[in-house]
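Here the structure comes first, spelled out in structure tokens, and everything after it is commentary.
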Amino acid sequence: MVSACEVKIEVQDLRASNIFTNLDTIRGKVYVNVRSEISLSCIQIKLEGVSQSIIRKKEWVKKKEKTVTKVENHTLLYEAKTIFPPKNIRKVSSAKDFTLTPGEYEYDFEFKLPYNSTCETNIAPKNGITNKFQIVRTNLEYVNKADLHVQGMLPPSLTDLGDLAQINYFLKVTVKRASLIKPNIRKISPFRFVPFDSVDHINRSNRELNFLRREYVFKDKIPEIIALFNKPAGINSPVPKQSPPSPQRRSSSFLKTLFFGSWDDVSQQQQPQPPPTPPKDEPPTITSYDVPFYFEARFHGLFQTVGKPPSYRLYVLSKANPKKYLGIDGESSGLGAIYLKSLKIDLFIISNIVSQEFKKQDMKLITLCQVSVSGKLDLAYARKSKAINEQTGSALHELEIPQSVFSNAIIPYSVVPSFKTCNVQRKYKLKITAGFTDTKSSKKIQEVELETWLDVLGGIPPPMANETIPAQANLPSYADVMASPS
């Protein structure tokens, strides 16, 4: 059966993919194609945003296991406008019914999207389900307690949890028929809503320095290049190698100074005598050392933006002075060489859902980056860092892992920004796992993990983004960060 009236909604796009954000003005037209004369009371268009959660649990009821389903609805956004009859006619006419003859009609509309949710102020229509609890197949209850509503910025559209939780924004046109026995004619036009990035996050990126750090020690590591004993006069044959004595001994052996002394000490000592040649039948003794280092991630504000390369940086830091890893010729001895073999960056998506007294947490994992590499990081060439040793307060030395290694760790646009509303919360945790070996050929990879909660931003700049923002020169130092109370 062909309807007597057909409705179409046409919205002016402001951005690609039909995305709108806070403080946007939604403009468009409603087209009504009347095929045969109809009587109606009015034509309304509504702007709505609804957050719905549905949790199902099995419970024992009268010694029988039953699935109990509870639904919670919150109207985050609600505004209605009458587009027919026109405002001037409604002022002078008391008529309740109007007639539209066959033809095509068009009506303009305009809505301003607010900054905050209006859930706590929306009043449910008598024939609707706005702002109420809903228990399936039983009575309905209004959410009339203030603490059940969350005040704050409008949350983004949410569709990745199925019917467990959804947040939908849409325009709805209703042609209200005059006759009670004839159904109203409705048309819904959904759109995607993404809140713009907060100015607070932008300011934090220019004022905050956050870092994660974890220590690891390669035990019993030996230098890749072992110094040779000097040749006694008159002997042309090769001299066997000998490793330096243990650093705990107080002797002033040459190789102890080489690996664990300072160059200032060397300049103040007398020239050491050539060490004795070991017996020809005894193999040289090689002394091993522990090589500690830190794996660190630095953030200018704990947040990341969808669709953009990572803004954080990764480092390897050393407590030891790089000179301790140099040989007698000023080149690296290889003792401080560590090898980055793998890097994996995961994003955990955590959703907390509430439906009346039922609660549920949903967790998903996205691997943003997983690469196998073979990069050498030699602590002998580390540069002095602003980072400090937490125990001693002395400066550390650092090597940066090239950003090109993990530049593809981009959060996809399908991930919604962090938010919290009345019955749904979305949080994110970033996990960075680096695999290191102490030699290039080693197959024993030691994994070092860093984890942090962080906010995800939608990538839409706020309308006040052009305001003056403090420069990065005002970033606090590591000493300032460490001195701040936790």
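Quick note on naming: the chains in the structure tokens go A, B, ... in the order shown, residues restart at 1 in each chain, and ligands are numbered from 1 in order of appearance.
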field: Selection: 9 Å around region 179-186 of chain A, only C-alpha atoms, excl. self and same-chain fewer than 4 positions, as a VMD selection string
entry: chain A and resid 3 5 to 7 39 to 41 172 to 175
Can I get the selected residues back with C-alpha atoms, as a PDB file, in the first residue's frame?
ATOM      1  CA  SER A   3       1.525   5.936   1.765  1.00  0.00           C
ATOM      2  CA  CYS A   5       2.625  11.089   2.334  1.00  0.00           C
ATOM      3  CA  GLU A   6       6.382  10.608   1.979  1.00  0.00           C
ATOM      4  CA  VAL A   7       8.976  12.472   4.089  1.00  0.00           C
ATOM      5  CA  SER A  39      -5.503  15.928   7.481  1.00  0.00           C
ATOM      6  CA  LEU A  40      -2.926  16.492  10.160  1.00  0.00           C
ATOM      7  CA  SER A  41      -2.418  18.372  13.396  1.00  0.00           C
ATOM      8  CA  LYS A 172      13.243  12.646  13.545  1.00  0.00           C
ATOM      9  CA  VAL A 173      10.337  14.116  11.596  1.00  0.00           C
ATOM     10  CA  THR A 174       6.794  13.205  12.667  1.00  0.00           C
ATOM     11  CA  VAL A 175       3.710  13.985  10.608  1.00  0.00           C
TER      12      VAL A 175
END
message: I want to know what sits within 7 Å of region 315-332 of chain A, based on only C-alpha atoms, with residues of the same chain fewer than 5 positions away left out; could you give that as number ranges by chain?
response: A: 258-261, 292-297, 379-382, 389, 396-401
- request: Using only C-alpha atoms, determine which residues lie at most 9 Å from region 451-465 of chain A, disregarding the query and same-chain residues fewer than 4 positions distant; provide the list as a ChimeraX atom specification.
  value: /A:21-23,156,194-199,201-202,212,301-308,411,413,415-419,427-433,469
Suppose we keep N, CA and C atoms; can you now write the selection as a CSV table (one decimal), in the first residue's frame?
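Below is the file that was written, selection-v1.csv:
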chain,number,residue,atom,x,y,z
A,21,THR,N,29.8,18.1,15.7
A,21,THR,CA,30.4,18.2,17.0
A,21,THR,C,29.7,19.3,17.8
A,22,ASN,N,30.1,19.5,19.1
A,22,ASN,CA,29.5,20.5,19.9
A,22,ASN,C,29.5,21.9,19.3
A,23,LEU,N,28.5,22.6,19.6
A,23,LEU,CA,28.3,24.0,19.1
A,23,LEU,C,28.1,24.1,17.6
A,156,PRO,N,30.3,10.8,22.6
A,156,PRO,CA,30.3,10.5,21.1
A,156,PRO,C,29.3,9.4,20.8
A,194,VAL,N,30.8,13.5,17.2
A,194,VAL,CA,32.1,13.3,17.9
A,194,VAL,C,32.4,14.6,18.6
A,195,PRO,N,32.6,14.6,19.9
A,195,PRO,CA,32.9,15.9,20.6
A,195,PRO,C,34.2,16.4,20.2
A,196,PHE,N,34.4,17.7,20.2
A,196,PHE,CA,35.7,18.3,19.9
A,196,PHE,C,36.7,18.1,21.0
A,197,ASP,N,37.9,18.2,20.7
A,197,ASP,CA,39.0,18.0,21.7
A,197,ASP,C,38.9,19.1,22.7
A,198,SER,N,39.1,18.8,24.0
A,198,SER,CA,39.0,19.9,25.0
A,198,SER,C,40.2,20.7,25.0
A,199,VAL,N,40.0,22.0,25.3
A,199,VAL,CA,41.2,22.9,25.4
A,199,VAL,C,42.1,22.5,26.6
A,201,HIS,N,43.1,19.5,27.3
A,201,HIS,CA,44.1,18.6,26.8
A,201,HIS,C,45.1,19.3,26.0
A,202,ILE,N,44.7,20.3,25.2
A,202,ILE,CA,45.7,21.0,24.4
A,202,ILE,C,46.7,21.8,25.3
A,212,LEU,N,56.8,7.1,31.7
A,212,LEU,CA,56.8,5.7,32.3
A,212,LEU,C,58.2,5.1,32.2
A,301,GLY,N,51.4,15.1,28.0
A,301,GLY,CA,50.0,14.9,28.3
A,301,GLY,C,49.6,13.5,27.9
A,302,LEU,N,48.9,12.8,28.9
A,302,LEU,CA,48.5,11.4,28.7
A,302,LEU,C,47.3,11.3,27.8
A,303,PHE,N,47.5,11.5,26.5
A,303,PHE,CA,46.4,11.4,25.6
A,303,PHE,C,46.9,11.2,24.2
A,304,GLN,N,46.1,10.6,23.3
A,304,GLN,CA,46.5,10.4,21.9
A,304,GLN,C,45.3,10.7,21.1
A,305,THR,N,45.5,11.1,19.8
A,305,THR,CA,44.4,11.5,18.9
A,305,THR,C,44.3,10.5,17.8
A,306,VAL,N,43.0,10.1,17.5
A,306,VAL,CA,42.8,9.2,16.5
A,306,VAL,C,43.3,9.7,15.1
A,307,GLY,N,43.8,8.8,14.3
A,307,GLY,CA,44.2,9.1,13.0
A,307,GLY,C,45.6,9.8,12.9
A,308,LYS,N,46.3,10.0,14.0
A,308,LYS,CA,47.5,10.7,14.0
A,308,LYS,C,48.7,9.8,14.6
A,411,ILE,N,46.0,5.2,16.2
A,411,ILE,CA,44.6,4.7,16.6
A,411,ILE,C,43.6,5.0,15.5
A,413,TYR,N,40.2,5.7,13.2
A,413,TYR,CA,39.1,6.6,13.4
A,413,TYR,C,37.9,5.9,14.0
A,415,VAL,N,37.7,4.2,16.6
A,415,VAL,CA,37.8,4.2,18.0
A,415,VAL,C,37.2,5.6,18.5
A,416,VAL,N,36.2,5.5,19.4
A,416,VAL,CA,35.6,6.7,19.8
A,416,VAL,C,36.4,7.4,21.0
A,417,PRO,N,36.2,8.7,21.1
A,417,PRO,CA,37.0,9.3,22.2
A,417,PRO,C,36.5,8.8,23.6
A,418,SER,N,37.4,9.0,24.6
A,418,SER,CA,37.1,8.7,26.0
A,418,SER,C,35.9,9.5,26.4
A,419,PHE,N,35.0,8.9,27.2
A,419,PHE,CA,33.9,9.6,27.7
A,419,PHE,C,33.3,8.9,28.9
A,427,LYS,N,37.0,3.9,28.6
A,427,LYS,CA,38.4,4.2,29.0
A,427,LYS,C,39.4,3.4,28.1
A,428,TYR,N,40.6,3.9,28.2
A,428,TYR,CA,41.7,3.2,27.3
A,428,TYR,C,43.0,3.1,28.1
A,429,LYS,N,43.6,2.0,27.9
A,429,LYS,CA,45.0,1.7,28.4
A,429,LYS,C,45.9,1.4,27.3
A,430,LEU,N,47.1,2.0,27.4
A,430,LEU,CA,48.1,1.7,26.4
A,430,LEU,C,49.2,0.9,27.0
A,431,LYS,N,49.6,-0.2,26.2
A,431,LYS,CA,50.7,-1.1,26.7
A,431,LYS,C,51.7,-1.1,25.6
A,432,ILE,N,53.0,-0.8,26.0
A,432,ILE,CA,54.1,-0.8,25.1
A,432,ILE,C,55.1,-1.9,25.6
A,433,THR,N,55.4,-2.9,24.7
A,433,THR,CA,56.2,-4.0,25.0
A,433,THR,C,57.4,-4.0,24.1
A,469,ILE,N,48.3,29.8,23.4
A,469,ILE,CA,48.6,28.6,24.3
A,469,ILE,C,50.1,28.7,24.7
- prompt: Could you state the separation of CA of Ile43 (chain A) and CA of Pro85 (chain A) in Å, given to one decimal place?
  reply: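 CA of Pro85 (chain A) lies at a distance of 7.3 Å from CA of Ile43 (chain A).
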field: Atomic distance CA of Ile353 (chain A) - CA of Phe191 (chain A), expressed in Å with one decimal
entry: 22.9 Å
Residues within 7 Å of region 26-33 of chain A, only C-alpha atoms, excluding chain neighbours under 6 positions, as a VMD selection string: chain A and resid 5 to 12 103 to 112
Selection from above, N, CA, C and O atoms, as a JSON list (two decimals), in the first residue's frame, can you write it?
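Dumped everything to part.json:
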[["chain", "number", "residue", "atom", "x", "y", "z"],
["A", 5, "CYS", "N", 1.65, 10.03, 2.12],
["A", 5, "CYS", "CA", 2.62, 11.09, 2.33],
["A", 5, "CYS", "C", 4.02, 10.47, 2.50],
["A", 5, "CYS", "O", 4.19, 9.46, 3.17],
["A", 6, "GLU", "N", 5.00, 11.08, 1.87],
["A", 6, "GLU", "CA", 6.38, 10.61, 1.98],
["A", 6, "GLU", "C", 7.25, 11.76, 2.49],
["A", 6, "GLU", "O", 7.12, 12.90, 2.03],
["A", 7, "VAL", "N", 8.15, 11.44, 3.45],
["A", 7, "VAL", "CA", 8.98, 12.47, 4.09],
["A", 7, "VAL", "C", 10.44, 12.19, 3.81],
["A", 7, "VAL", "O", 10.90, 11.04, 3.85],
["A", 8, "LYS", "N", 11.19, 13.25, 3.57],
["A", 8, "LYS", "CA", 12.63, 13.15, 3.35],
["A", 8, "LYS", "C", 13.33, 14.26, 4.12],
["A", 8, "LYS", "O", 12.87, 15.40, 4.14],
["A", 9, "ILE", "N", 14.46, 13.91, 4.77],
["A", 9, "ILE", "CA", 15.25, 14.89, 5.52],
["A", 9, "ILE", "C", 16.58, 15.08, 4.81],
["A", 9, "ILE", "O", 17.29, 14.11, 4.53],
["A", 10, "GLU", "N", 16.94, 16.31, 4.54],
["A", 10, "GLU", "CA", 18.21, 16.62, 3.89],
["A", 10, "GLU", "C", 19.00, 17.58, 4.78],
["A", 10, "GLU", "O", 18.53, 18.66, 5.12],
["A", 11, "VAL", "N", 20.21, 17.12, 5.18],
["A", 11, "VAL", "CA", 21.03, 17.89, 6.12],
["A", 11, "VAL", "C", 22.25, 18.42, 5.38],
["A", 11, "VAL", "O", 22.89, 17.71, 4.58],
["A", 12, "GLN", "N", 22.59, 19.68, 5.66],
["A", 12, "GLN", "CA", 23.80, 20.26, 5.07],
["A", 12, "GLN", "C", 25.03, 19.71, 5.82],
["A", 12, "GLN", "O", 25.14, 19.85, 7.03],
["A", 103, "GLY", "N", 0.90, 17.52, -3.44],
["A", 103, "GLY", "CA", 1.97, 18.40, -3.89],
["A", 103, "GLY", "C", 3.24, 18.17, -3.08],
["A", 103, "GLY", "O", 3.30, 17.29, -2.20],
["A", 104, "GLU", "N", 4.26, 18.94, -3.40],
["A", 104, "GLU", "CA", 5.53, 18.83, -2.69],
["A", 104, "GLU", "C", 5.75, 20.07, -1.83],
["A", 104, "GLU", "O", 5.61, 21.20, -2.33],
["A", 105, "TYR", "N", 6.12, 19.86, -0.58],
["A", 105, "TYR", "CA", 6.33, 20.94, 0.37],
["A", 105, "TYR", "C", 7.74, 20.81, 0.96],
["A", 105, "TYR", "O", 8.27, 19.70, 1.13],
["A", 106, "GLU", "N", 8.34, 21.93, 1.28],
["A", 106, "GLU", "CA", 9.64, 21.90, 1.93],
["A", 106, "GLU", "C", 9.67, 22.90, 3.07],
["A", 106, "GLU", "O", 9.09, 23.98, 2.99],
["A", 107, "TYR", "N", 10.38, 22.50, 4.14],
["A", 107, "TYR", "CA", 10.44, 23.32, 5.34],
["A", 107, "TYR", "C", 11.89, 23.36, 5.83],
["A", 107, "TYR", "O", 12.57, 22.34, 5.91],
["A", 108, "ASP", "N", 12.35, 24.54, 6.15],
["A", 108, "ASP", "CA", 13.70, 24.70, 6.68],
["A", 108, "ASP", "C", 13.72, 24.40, 8.18],
["A", 108, "ASP", "O", 12.73, 24.63, 8.89],
["A", 109, "PHE", "N", 14.86, 23.92, 8.65],
["A", 109, "PHE", "CA", 15.02, 23.73, 10.09],
["A", 109, "PHE", "C", 16.46, 24.06, 10.47],
["A", 109, "PHE", "O", 17.37, 24.07, 9.63],
["A", 110, "GLU", "N", 16.64, 24.31, 11.76],
["A", 110, "GLU", "CA", 17.97, 24.65, 12.28],
["A", 110, "GLU", "C", 18.05, 24.31, 13.77],
["A", 110, "GLU", "O", 17.14, 24.65, 14.53],
["A", 111, "PHE", "N", 19.13, 23.62, 14.16],
["A", 111, "PHE", "CA", 19.36, 23.29, 15.56],
["A", 111, "PHE", "C", 20.80, 23.64, 15.92],
["A", 111, "PHE", "O", 21.71, 23.48, 15.09],
["A", 112, "LYS", "N", 20.99, 24.05, 17.16],
["A", 112, "LYS", "CA", 22.33, 24.32, 17.68],
["A", 112, "LYS", "C", 22.68, 23.20, 18.67],
["A", 112, "LYS", "O", 21.99, 23.01, 19.67]]
task: Calculate how many Å separate CA of Asp362 (chain A) from CA of Ile349 (chain A), rounding to one decimal.
output: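 Atom-to-atom, CA of Asp362 (chain A) and CA of Ile349 (chain A) are spaced 8.0 Å apart.
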task: Just the residues within 8 Å of Phe358 (chain A), please, counting only C-alpha atoms, with nothing from its chain fewer than 3 positions along; format it as an MDAnalysis selection string.
output: chainID A and resid 55 70 354:355
